[in-house]
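Asks: Just dropping this structure here.
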Amino acid sequence: MKKTARVAAAILVTSLALTACGERDNDKDKDASGDPTTAPTSQTTSEAPAESHPDFKACMVSDDGGFDDKSFNQTSHDGLVQAKDQLGVQTGEIESHAQTEFADNINEMVQAGCNSITTVGFLLGDATLASAKKNKDIDYSIVDFAYFDESGKNTAPANLKALTYDTAQPSYLAGYLAAAKSENGVVGTFGGVNIPTVTIFMDGFYKGVQKYNEDNDANVEVIGWDPAKPKTGSFTNDFGDKTKGQNLAEEMIGQGADVIFPVAGPAGLGGLQAAQDNDVWGIWVDTDGCKSAAEYCDSLLTSVVKGMDVSVLEAIRESANDEFSNEPYEGTLENGGVGLAPYGPKADIDAELDAKIKELTQQIIDGTITVG
Amino acid sequence: MSEQGKTEAPPAPEPIKETPPRGPAQWLPTVVDTIAAVVLALLVGALLIIFSTEDVIDSLKYFFSYPWDFFKYAGTAVWDAYRSLVDGAVGSGTALRRTLERSAPLICAGLGVSLAFRAGLFNIGAQGQMLLGALAGGYVGFHYDLPPGIHLAAALLAALVAGGLWGGIAGLLKAKTGAHEVIVTIMLNHVAGFVILYFLAKESFQRPNSDNLLSPPVADSATFPSVGGLHLGVLLAIVAAGIVWWLLERSTLGFEMRAVGANPEAARTAGMSVAKVYVAGMMIAGMLAALAVTMNVLGRQDSVTDNIAGQVGFEAITVALLGRATPLGTVLAGLLFGALSSGGLAMQSGAGVPPEMAQVLQALIVLFVAAPALIRGITRMRGGDASGTVMAKGWGG
């Protein structure tokens with residue numbers, strides 16, 4: 001063991017030399033010598049939270065993408081972080097690595113004494129429902145999944161709230177914008193996998209382009225998706241592989257598309273890469289691309305934003321204030337749960353087009369136009 | 001390579017080396033090596049925990065004024081983490097159930113990899129074999145309406161057949177064309193991934209009123225019975241280990257596998273069919289991988305998705321490696337990895353240690369096991385020839 005000891009000593013001495021002469025912050029001691037079991041949750045709360053619920057614990061379980069997926073897990077997690085800062089609650093979280101862990105992970109959060117548990121993604125639908133039925137005194141919310149029966153009635157128990165997003169609405173605006181900016185009269189879109197949470201974007205986009213054609217007597221074509229043929233369309237069948245997204249986008253650009261709308265999570269970044277390489281436009285989804293994928297910001301017209309952080313924060317706030325209900329939440333343009341991000345710096349949208357987008361937004365909000 | 005190998009019945013010198021060592025003098029070094037690897041991994045893990053804890057880092061700034069702070073915080077961090085690791089693995093009924101449920105698939109798939117190892121095949125394809133097993137077993141489980149018991153048996157059989165056939169493809173390609181099984185099984189994993197996506201996009205594989213790529217859970221009549229929340233499919237893992245042991249140590253086919261694994265040329269010269277061994281070996285390996293996935297689909301009633309296998313198919317390789325490709329070793333290694341996975345969850349929620357820590361521990365254990373000479377150097381142990389690591393008789397074999 002001599003060698004081990006020597007190595008350890010060397011590491012220790014080096015780190016000491018580097019950090020030697022600091023001062024002890026005396027408050028620190030109080031804070032840290034407390035109950036060790038609260039260690040993960042008791043880190044610095046911000047100065048003055050708007051509300052304070054020190055005994056309330058809000059928790060979150062990710063799906064197997066993890067909280068660092070630059071997409072919906074991450075945005076949802078932002079909501080939890082905001083809850084800690086703004087509501088003064090304790091938090092707890094578990095990242096899932098495989099589908100088989102979901103039930104255990106939710107159960108672990110129950111054991112950890114959470115008052116509200118948010119799960120992220122439709123894959124957790126069953127496990128969340130099962131746990132909600134068993135633990136009536138905990139409020140559950142789930143991102144991107146709803147419990148409806150055939151007639152569209154909400155079947156969720158009283159302590160389970162579905163958080164969904166009508167992303168067709170902002171995608172409609174994006175489609176209109178894309179058609180207006182296309183010089184070749186061809187725009188392209190592709191998805192990650194052919195599932196509703198993905199194709200709802202593509203539906204809205206398609207309809208927005210048709211609206212432009214109608215209003216301006218134009219004939220802009222959409223490649224990659226046609227709502228009339230839901231079993232066809234372009235998909236990477238993979239949310240992780242950037243190369244697949246890039247190949248699909250290159251193909252579309254080869255067919256003349258000069259606006260690309262990838263709905264494929266990280267794989268969609270390849271679509272933006274292709275747009276940048278070929279000097280055509282891209283439109284990003286879920287988050288504001290100018291923040292989450294800043295390297296492509298100059299190629300972006302705008303982004304279709306899904307405000308999961310806002311709704312997660314709201315669900316936690318309701319739970320902490322005893323106002324929780326199982327009424328499903330749906331993010332719309334009206335309640336700000338979905339929307340378009342600010343236009344890209346190079347997008348050069350003229351005032352007329354901008355006014356038209358605002359007008360369409362208003363028409364969707366007051367119901368003159370229905371997108372869904 | 002010796003000439004004796006070509007003579008008759010008694011096993012050739014090469015296979016003897018491959019048989020599991022008998023008697024304490026022979027297995028003791030292996031056990032000591034493994035325990036040393038686990039301890040070393042925990043030590044390195046402790047260092048990682050210490051230097052990723054904020055309190056500890058902060059206390060280094062004033063180490064010379066209050067050195068005790070550093071040790072106090074470091075001690076607390078490590079103690080908290082490892083206490084929750086043990087608690088989460090074996091500390092309660094829930095923890096034990098979780099450990100067993102996570103170990104069972106690792107053991108089954110690990111047995112598949114071990115068995116193929118012994119036949120000289122490096123089976124990277126457990127992942128794909130699991131997916132096909134899940135698809136077939138799941139479909140029989142949720143689509144048909146059969147009496148309990150019969151339904152379970154039918155679903156299980158469907159899974160095993162599908163997994164076995166998928167594994168057999170790789171064996172057949174190797175036997176007939178010499179295509180290397182490492183390449184073929186990796187490619188077949190990708191093919192299996194797309195096959196399952198194709199079927200999940202079909203209405204008949206989806207839940208009613210849903211377009212998500214998510215099958216219904218299997219019917220109750222097709223699930224393993226459970227006792228106290230623990231499904232008894234877990235017992236099948238132990239039964240499978242017994243069967244694999246019997247197959248390898250007591251059956252003719254097993255003898256042929258070990259002979260081919262040791263030296264295919266010699267085995268062929270001795271009149272054994274190498275092609276038969278390759279195909280049978282891969283088929284059984286595929287069935288074992290499929291058995292692993294039934295633990296989730298038929299045991300916990302998880303929906304079939306393209307992600308149902310998780311990383312089990314790949315972790316199975318490390319389990320087999322750690323278990324020295326023996327059935328008993330694989331069971332123990334599977335239990336260890338299941339415990340680490342289950343305890344890792346508690347470490348994350350109870351002590352705020354990142355979830356990757358449990359995986360780092362697993363990786364470190366395998367690293368130290370795979371490098372027995374390094375361990376000996378570090379721990380100054382004296383020992384004979386490393387009976388340790390398994391080697392696939394890979395390239396060109």
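By order in the structure tokens, chains are A, B, ...; within a chain, residues start at 1; ligands start at 1, following the order shown.
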Please find the residues of chain B near chain A - the criterion being any atom within 9 Å, counting only C-alpha atoms - and write them as a PyMOL selection string.

Replies: chain B and resi 55+58-66+69+73+76-77+80+98+102+194+197+201+208-214+296+300+302-303+305+307-311+342+345-346+348-355+378-380

Asks: Quick one: pick out all alpha helix (DSSP H) residues within range 303-358 of chain B from a backbone DSSP run and write them as a PyMOL selection string.

Replies: chain B and resi 312-322+327-351+356-358

Asks: Give me the residues near Gly75 in chain B as a list in words, where near means some atom within 12 Å (using only C-alpha atoms) and where sequence neighbours in that chain fewer than 2 positions away do not count.

Replies: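 Answer for this query is Pro36 of chain A; Ala46, Leu47, Ile49, Ile50, Phe51, Thr53, Asp55, Val56, Trp68, Asp69, Phe70, Phe71, Lys72, Tyr73, Ala77, Val78, Trp79, Asp80, Ala81, Tyr82 and Arg83 of chain B.
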
Asks: Would you save the residues of that selection, restricted to N, CA and C atoms, as a tab-separated table (two decimals), in the first residue's frame?

Replies:
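In the end it all went to result36.tsv:
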```tsv
chain	number	residue	atom	x	y	z
A	36	PRO	N	-26.95	15.64	7.34
A	36	PRO	CA	-26.31	15.28	6.07
A	36	PRO	C	-27.30	14.81	5.01
B	46	ALA	N	-14.05	6.81	-4.07
B	46	ALA	CA	-14.09	7.71	-2.92
B	46	ALA	C	-13.37	9.01	-3.24
B	47	LEU	N	-12.21	8.90	-3.90
B	47	LEU	CA	-11.47	10.11	-4.28
B	47	LEU	C	-12.32	10.99	-5.19
B	49	ILE	N	-15.55	11.08	-5.37
B	49	ILE	CA	-16.64	11.69	-4.60
B	49	ILE	C	-16.12	12.87	-3.81
B	50	ILE	N	-14.94	12.67	-3.16
B	50	ILE	CA	-14.38	13.73	-2.34
B	50	ILE	C	-14.16	14.99	-3.17
B	51	PHE	N	-13.55	14.81	-4.34
B	51	PHE	CA	-13.18	16.00	-5.10
B	51	PHE	C	-14.29	16.51	-6.00
B	53	THR	N	-17.30	17.09	-4.35
B	53	THR	CA	-18.23	17.63	-3.37
B	53	THR	C	-17.85	19.06	-3.04
B	55	ASP	N	-18.49	21.18	-0.55
B	55	ASP	CA	-17.98	21.49	0.78
B	55	ASP	C	-16.50	21.17	0.90
B	56	VAL	N	-16.12	20.01	0.31
B	56	VAL	CA	-14.74	19.58	0.42
B	56	VAL	C	-13.82	20.53	-0.33
B	68	TRP	N	-8.68	20.14	9.70
B	68	TRP	CA	-9.65	19.13	10.11
B	68	TRP	C	-10.92	19.21	9.29
B	69	ASP	N	-11.30	20.43	8.89
B	69	ASP	CA	-12.51	20.61	8.08
B	69	ASP	C	-12.50	19.72	6.85
B	70	PHE	N	-11.35	19.73	6.17
B	70	PHE	CA	-11.24	18.96	4.94
B	70	PHE	C	-11.56	17.49	5.19
B	71	PHE	N	-10.93	16.94	6.23
B	71	PHE	CA	-11.13	15.51	6.48
B	71	PHE	C	-12.55	15.23	6.94
B	72	LYS	N	-13.11	16.19	7.68
B	72	LYS	CA	-14.47	15.99	8.16
B	72	LYS	C	-15.44	15.94	6.97
B	73	TYR	N	-15.30	16.95	6.10
B	73	TYR	CA	-16.22	17.00	4.95
B	73	TYR	C	-16.00	15.82	4.02
B	77	ALA	N	-18.76	13.05	3.13
B	77	ALA	CA	-19.22	12.83	1.76
B	77	ALA	C	-19.11	11.36	1.38
B	78	VAL	N	-17.96	10.76	1.67
B	78	VAL	CA	-17.74	9.37	1.29
B	78	VAL	C	-18.66	8.44	2.09
B	79	TRP	N	-18.75	8.70	3.38
B	79	TRP	CA	-19.60	7.87	4.24
B	79	TRP	C	-21.04	7.93	3.77
B	80	ASP	N	-21.55	9.15	3.50
B	80	ASP	CA	-22.93	9.30	3.03
B	80	ASP	C	-23.16	8.53	1.74
B	81	ALA	N	-22.23	8.70	0.82
B	81	ALA	CA	-22.40	8.10	-0.50
B	81	ALA	C	-22.42	6.59	-0.39
B	82	TYR	N	-21.42	6.02	0.28
B	82	TYR	CA	-21.33	4.57	0.31
B	82	TYR	C	-22.39	3.96	1.21
B	83	ARG	N	-22.80	4.72	2.26
B	83	ARG	CA	-23.88	4.20	3.08
B	83	ARG	C	-25.16	4.10	2.25
```

Asks: I'd like the neighbourhood of Lys291 in chain A as a list of chain:residue names, where a residue qualifies if any of its atoms comes within 12 Å (using only C-alpha atoms), though same-chain residues fewer than 2 positions away should be ignored.

Replies: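 The residues that qualify are A:Lys70, A:Ser71, A:Trp284, A:Val285, A:Asp286, A:Thr287, A:Asp288, A:Gly289, A:Ala293, A:Ala294, A:Glu295, A:Tyr296, A:Cys297, A:Asp298, A:Leu300, A:Thr302, A:Ser303, A:Val305, A:Ala341, A:Pro342, A:Gly344.
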
Asks: Using only C-alpha atoms, I'd like a table of the residues in range 263-351 of chain B that come within 9 Å of range 121-132 of chain B; for each, show the closest atom pair and its distance in Å rounded to one decimal, ordered by chain and ascending number, as a tab-separated table.

Replies:
```
residue	atom	partner	partner_atom	distance
B:Tyr278	CA	B:Leu121	CA	7.6
B:Gly281	CA	B:Leu121	CA	8.1
B:Met282	CA	B:Asn123	CA	7.7
B:Ala285	CA	B:Ala126	CA	7.7
B:Gly286	CA	B:Gln129	CA	5.4
B:Met287	CA	B:Gln129	CA	7.7
B:Leu288	CA	B:Ala126	CA	8.6
B:Ala289	CA	B:Met130	CA	5.3
B:Ala290	CA	B:Met130	CA	4.6
B:Leu291	CA	B:Met130	CA	7.8
B:Ala292	CA	B:Met130	CA	7.0
B:Val293	CA	B:Met130	CA	5.5
B:Thr294	CA	B:Met130	CA	8.5
B:Val304	CA	B:Leu131	CA	8.8
B:Thr305	CA	B:Leu131	CA	8.8
B:Asp306	CA	B:Leu131	CA	7.5
B:Asn307	CA	B:Leu131	CA	8.3
B:Ile308	CA	B:Leu131	CA	7.1
B:Ala309	CA	B:Met130	CA	6.2
B:Gly310	CA	B:Gln127	CA	8.3
B:Gln311	CA	B:Gln127	CA	7.6
B:Val312	CA	B:Gln127	CA	7.0
B:Gly313	CA	B:Gln127	CA	4.0
B:Phe314	CA	B:Gln127	CA	6.7
B:Ala316	CA	B:Ala126	CA	7.6
B:Ile317	CA	B:Ile124	CA	7.3
```

Asks: Quick one: distance from CA of Pro266 in chain A to CA of Asp63 in chain A in Å, one decimal?

Replies: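 Distance between the two atoms: 15.3 Å.
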
Asks: Mind giving me the straight-line distance from CA of Val319 in chain B to CA of Gly334 in chain B in Å, one decimal?

Replies: 5.9 Å

Asks: For Ser311 in chain A, work out the shell of residues within 12 Å, counting only C-alpha atoms and skipping chain neighbours fewer than 4 positions away, then give it as a short mmCIF file (atom, residue, chain, number, x, y, z; two decimals) with all heavy atoms, in the first residue's frame.

Replies:
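Output contents, as saved in out.cif:
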```cif
data_model
loop_
_atom_site.label_atom_id
_atom_site.label_comp_id
_atom_site.auth_asym_id
_atom_site.auth_seq_id
_atom_site.Cartn_x
_atom_site.Cartn_y
_atom_site.Cartn_z
N THR A 75 -35.17 21.63 -20.62
CA THR A 75 -36.07 22.76 -20.44
C THR A 75 -36.98 22.51 -19.24
O THR A 75 -37.26 23.41 -18.45
CB THR A 75 -36.93 22.98 -21.69
OG1 THR A 75 -36.09 22.86 -22.83
CG2 THR A 75 -37.56 24.33 -21.68
N SER A 76 -37.46 21.27 -19.10
CA SER A 76 -38.31 20.95 -17.96
C SER A 76 -37.53 21.13 -16.67
O SER A 76 -38.05 21.65 -15.67
CB SER A 76 -38.80 19.50 -18.04
OG SER A 76 -39.40 19.26 -19.28
N HIS A 77 -36.28 20.71 -16.69
CA HIS A 77 -35.43 20.83 -15.51
C HIS A 77 -35.22 22.30 -15.14
O HIS A 77 -35.16 22.65 -13.96
CB HIS A 77 -34.09 20.13 -15.75
CG HIS A 77 -33.23 20.06 -14.54
ND1 HIS A 77 -32.08 20.79 -14.41
CD2 HIS A 77 -33.36 19.36 -13.39
CE1 HIS A 77 -31.53 20.55 -13.23
NE2 HIS A 77 -32.28 19.68 -12.60
N ASP A 78 -35.13 23.17 -16.16
CA ASP A 78 -35.04 24.61 -15.90
C ASP A 78 -36.21 25.07 -15.04
O ASP A 78 -36.06 25.92 -14.16
CB ASP A 78 -35.06 25.41 -17.22
CG ASP A 78 -33.74 25.26 -17.97
OD1 ASP A 78 -32.78 24.76 -17.37
OD2 ASP A 78 -33.70 25.63 -19.16
N GLY A 79 -37.40 24.48 -15.30
CA GLY A 79 -38.58 24.83 -14.52
C GLY A 79 -38.39 24.48 -13.05
O GLY A 79 -38.79 25.23 -12.16
N LEU A 80 -37.74 23.34 -12.80
CA LEU A 80 -37.49 22.91 -11.42
C LEU A 80 -36.50 23.87 -10.74
O LEU A 80 -36.68 24.25 -9.59
CB LEU A 80 -36.93 21.48 -11.42
CG LEU A 80 -36.74 20.83 -10.06
CD1 LEU A 80 -38.08 20.52 -9.44
CD2 LEU A 80 -35.90 19.57 -10.18
N GLN A 82 -36.02 26.97 -11.54
CA GLN A 82 -36.72 28.24 -11.29
C GLN A 82 -37.61 28.12 -10.05
O GLN A 82 -37.75 29.07 -9.29
CB GLN A 82 -37.57 28.62 -12.50
CG GLN A 82 -36.74 29.07 -13.69
CD GLN A 82 -37.55 29.11 -14.96
OE1 GLN A 82 -38.78 29.10 -14.93
NE2 GLN A 82 -36.87 29.15 -16.10
N ALA A 83 -38.20 26.94 -9.86
CA ALA A 83 -39.06 26.75 -8.70
C ALA A 83 -38.25 26.91 -7.42
O ALA A 83 -38.72 27.50 -6.44
CB ALA A 83 -39.71 25.37 -8.74
N THR A 118 -42.53 15.66 -10.84
CA THR A 118 -42.74 15.90 -12.26
C THR A 118 -41.96 14.87 -13.04
O THR A 118 -40.77 14.67 -12.79
CB THR A 118 -42.26 17.31 -12.64
OG1 THR A 118 -42.89 18.26 -11.79
CG2 THR A 118 -42.60 17.62 -14.09
N SER A 141 -47.07 15.65 -11.96
CA SER A 141 -47.31 16.25 -13.26
C SER A 141 -46.40 15.56 -14.26
O SER A 141 -45.31 15.10 -13.91
CB SER A 141 -47.06 17.76 -13.23
OG SER A 141 -45.82 18.04 -12.64
N ILE A 142 -46.87 15.44 -15.49
CA ILE A 142 -46.08 14.76 -16.51
C ILE A 142 -46.03 15.60 -17.78
O ILE A 142 -47.05 16.11 -18.24
CB ILE A 142 -46.61 13.34 -16.79
CG1 ILE A 142 -45.79 12.68 -17.90
CG2 ILE A 142 -48.10 13.33 -17.12
CD1 ILE A 142 -45.97 11.19 -18.00
N VAL A 143 -44.82 15.77 -18.31
CA VAL A 143 -44.61 16.58 -19.49
C VAL A 143 -44.84 15.74 -20.75
O VAL A 143 -44.34 14.62 -20.83
CB VAL A 143 -43.17 17.15 -19.49
CG1 VAL A 143 -42.86 17.86 -20.80
CG2 VAL A 143 -42.97 18.08 -18.32
N ASP A 144 -45.59 16.26 -21.70
CA ASP A 144 -45.75 15.63 -23.01
C ASP A 144 -46.60 14.37 -22.99
O ASP A 144 -46.43 13.49 -23.84
CB ASP A 144 -44.39 15.27 -23.63
CG ASP A 144 -43.96 16.33 -24.64
OD1 ASP A 144 -44.75 17.25 -24.90
OD2 ASP A 144 -42.85 16.22 -25.16
N LYS A 161 -51.49 15.74 -13.14
CA LYS A 161 -51.76 16.79 -14.13
C LYS A 161 -50.92 16.53 -15.37
O LYS A 161 -49.72 16.31 -15.29
CB LYS A 161 -51.37 18.14 -13.52
CG LYS A 161 -51.76 19.35 -14.34
CD LYS A 161 -51.28 20.61 -13.62
CE LYS A 161 -51.88 21.86 -14.20
NZ LYS A 161 -53.30 22.03 -13.90
N ALA A 162 -51.58 16.56 -16.52
CA ALA A 162 -50.87 16.39 -17.78
C ALA A 162 -50.44 17.75 -18.31
O ALA A 162 -51.22 18.70 -18.28
CB ALA A 162 -51.78 15.69 -18.79
N LEU A 163 -49.20 17.85 -18.78
CA LEU A 163 -48.70 19.09 -19.36
C LEU A 163 -48.40 18.84 -20.83
O LEU A 163 -47.44 18.14 -21.16
CB LEU A 163 -47.42 19.54 -18.64
CG LEU A 163 -47.46 19.62 -17.12
CD1 LEU A 163 -46.08 19.93 -16.57
CD2 LEU A 163 -48.44 20.68 -16.66
N THR A 164 -49.23 19.36 -21.71
CA THR A 164 -48.98 19.17 -23.14
C THR A 164 -48.91 20.52 -23.82
O THR A 164 -49.24 21.55 -23.23
CB THR A 164 -50.08 18.32 -23.80
OG1 THR A 164 -51.32 18.96 -23.57
CG2 THR A 164 -50.12 16.92 -23.20
N TYR A 165 -48.50 20.52 -25.08
CA TYR A 165 -48.19 21.77 -25.77
C TYR A 165 -48.72 21.73 -27.18
O TYR A 165 -48.42 20.80 -27.93
CB TYR A 165 -46.66 21.98 -25.77
CG TYR A 165 -46.13 21.90 -24.38
CD1 TYR A 165 -45.77 20.67 -23.83
CD2 TYR A 165 -46.08 23.02 -23.58
CE1 TYR A 165 -45.37 20.56 -22.52
CE2 TYR A 165 -45.67 22.94 -22.27
CZ TYR A 165 -45.31 21.70 -21.74
OH TYR A 165 -44.93 21.60 -20.44
N LYS A 306 -41.13 25.70 -27.02
CA LYS A 306 -42.08 24.96 -26.21
C LYS A 306 -41.73 25.28 -24.76
O LYS A 306 -40.66 24.90 -24.29
CB LYS A 306 -41.83 23.48 -26.54
CG LYS A 306 -42.90 22.53 -26.21
CD LYS A 306 -42.55 21.23 -26.94
CE LYS A 306 -43.22 20.05 -26.31
NZ LYS A 306 -42.87 18.79 -26.97
N GLY A 307 -42.60 26.01 -24.06
CA GLY A 307 -42.23 26.54 -22.75
C GLY A 307 -42.46 25.58 -21.62
O GLY A 307 -43.24 25.82 -20.71
N ALA A 315 -47.00 24.29 -12.35
CA ALA A 315 -47.56 23.10 -11.69
C ALA A 315 -47.02 22.97 -10.27
O ALA A 315 -47.75 22.64 -9.34
CB ALA A 315 -47.23 21.84 -12.49
N ILE A 316 -45.73 23.27 -10.11
CA ILE A 316 -45.13 23.19 -8.77
C ILE A 316 -45.72 24.28 -7.87
O ILE A 316 -46.04 24.05 -6.71
CB ILE A 316 -43.59 23.32 -8.86
CG1 ILE A 316 -43.01 22.12 -9.61
CG2 ILE A 316 -42.98 23.43 -7.47
CD1 ILE A 316 -41.54 22.22 -9.92
N ARG A 317 -45.90 25.49 -8.46
CA ARG A 317 -46.47 26.58 -7.68
C ARG A 317 -47.88 26.23 -7.18
O ARG A 317 -48.20 26.41 -6.01
CB ARG A 317 -46.53 27.86 -8.53
CG ARG A 317 -46.95 29.10 -7.74
CD ARG A 317 -47.42 30.22 -8.65
NE ARG A 317 -46.47 30.56 -9.70
CZ ARG A 317 -45.45 31.42 -9.54
NH1 ARG A 317 -45.27 32.01 -8.40
NH2 ARG A 317 -44.63 31.67 -10.54
N GLU A 318 -48.67 25.67 -8.09
CA GLU A 318 -50.03 25.28 -7.70
C GLU A 318 -50.00 24.26 -6.57
O GLU A 318 -50.76 24.33 -5.61
CB GLU A 318 -50.79 24.69 -8.89
CG GLU A 318 -51.27 25.74 -9.88
CD GLU A 318 -51.85 25.13 -11.14
OE1 GLU A 318 -52.07 23.90 -11.16
OE2 GLU A 318 -52.07 25.88 -12.11
N PRO A 328 -55.94 19.14 -17.26
CA PRO A 328 -54.75 19.10 -18.11
C PRO A 328 -54.35 20.51 -18.55
O PRO A 328 -55.21 21.34 -18.83
CB PRO A 328 -55.18 18.28 -19.32
CG PRO A 328 -56.45 17.63 -18.93
CD PRO A 328 -57.08 18.46 -17.88
N TYR A 329 -53.05 20.75 -18.59
CA TYR A 329 -52.56 22.03 -19.08
C TYR A 329 -52.17 21.87 -20.54
O TYR A 329 -51.54 20.89 -20.92
CB TYR A 329 -51.33 22.45 -18.27
CG TYR A 329 -50.53 23.58 -18.89
CD1 TYR A 329 -50.82 24.91 -18.59
CD2 TYR A 329 -49.50 23.32 -19.78
CE1 TYR A 329 -50.10 25.95 -19.16
CE2 TYR A 329 -48.77 24.36 -20.36
CZ TYR A 329 -49.08 25.66 -20.04
OH TYR A 329 -48.37 26.69 -20.62
N GLU A 330 -52.58 22.79 -21.37
CA GLU A 330 -52.09 22.78 -22.74
C GLU A 330 -51.49 24.14 -23.07
O GLU A 330 -52.18 25.17 -23.01
CB GLU A 330 -53.21 22.44 -23.72
CG GLU A 330 -52.66 22.31 -25.13
CD GLU A 330 -53.68 21.82 -26.13
OE1 GLU A 330 -54.81 22.32 -26.10
OE2 GLU A 330 -53.33 20.93 -26.94
N GLY A 331 -50.20 24.12 -23.41
CA GLY A 331 -49.52 25.36 -23.77
C GLY A 331 -50.01 25.84 -25.13
O GLY A 331 -50.07 25.08 -26.09
N THR A 332 -50.42 27.11 -25.21
CA THR A 332 -50.90 27.69 -26.47
C THR A 332 -50.24 29.04 -26.67
O THR A 332 -49.54 29.55 -25.78
CB THR A 332 -52.42 27.91 -26.43
OG1 THR A 332 -52.71 28.76 -25.32
CG2 THR A 332 -53.18 26.61 -26.27
N ASN A 335 -51.73 31.40 -23.84
CA ASN A 335 -51.19 31.44 -22.48
C ASN A 335 -49.66 31.48 -22.46
O ASN A 335 -49.04 31.40 -21.40
CB ASN A 335 -51.70 30.25 -21.65
CG ASN A 335 -51.29 28.91 -22.21
OD1 ASN A 335 -50.32 28.81 -22.97
ND2 ASN A 335 -52.00 27.86 -21.86
N GLY A 336 -49.05 31.62 -23.62
CA GLY A 336 -47.60 31.77 -23.67
C GLY A 336 -46.83 30.47 -23.46
O GLY A 336 -45.61 30.48 -23.37
N GLY A 337 -47.54 29.35 -23.43
CA GLY A 337 -46.86 28.07 -23.25
C GLY A 337 -46.08 27.64 -24.48
O GLY A 337 -45.18 26.82 -24.40
N VAL A 338 -46.44 28.19 -25.63
CA VAL A 338 -45.66 27.97 -26.86
C VAL A 338 -45.52 29.32 -27.56
O VAL A 338 -46.25 30.26 -27.26
CB VAL A 338 -46.36 26.98 -27.83
CG1 VAL A 338 -46.41 25.58 -27.25
CG2 VAL A 338 -47.74 27.45 -28.20
#
```

Asks: List the spatial neighbours of range 250-259 of chain B as an MDAnalysis selection string - criterion: any atom at most 6 Å away, only C-alpha atoms, same-chain residues fewer than 5 positions off excluded.

Replies: chainID B and resid 15 118:119 267 277

Asks: Running DSSP on the backbone, which parts of range 72-279 of chain A land in strand (DSSP E or B), as number ranges by chain?

Replies: A: 90-94, 116-120, 139-143, 148, 154, 160-165, 186-191, 221-223, 235, 259-263
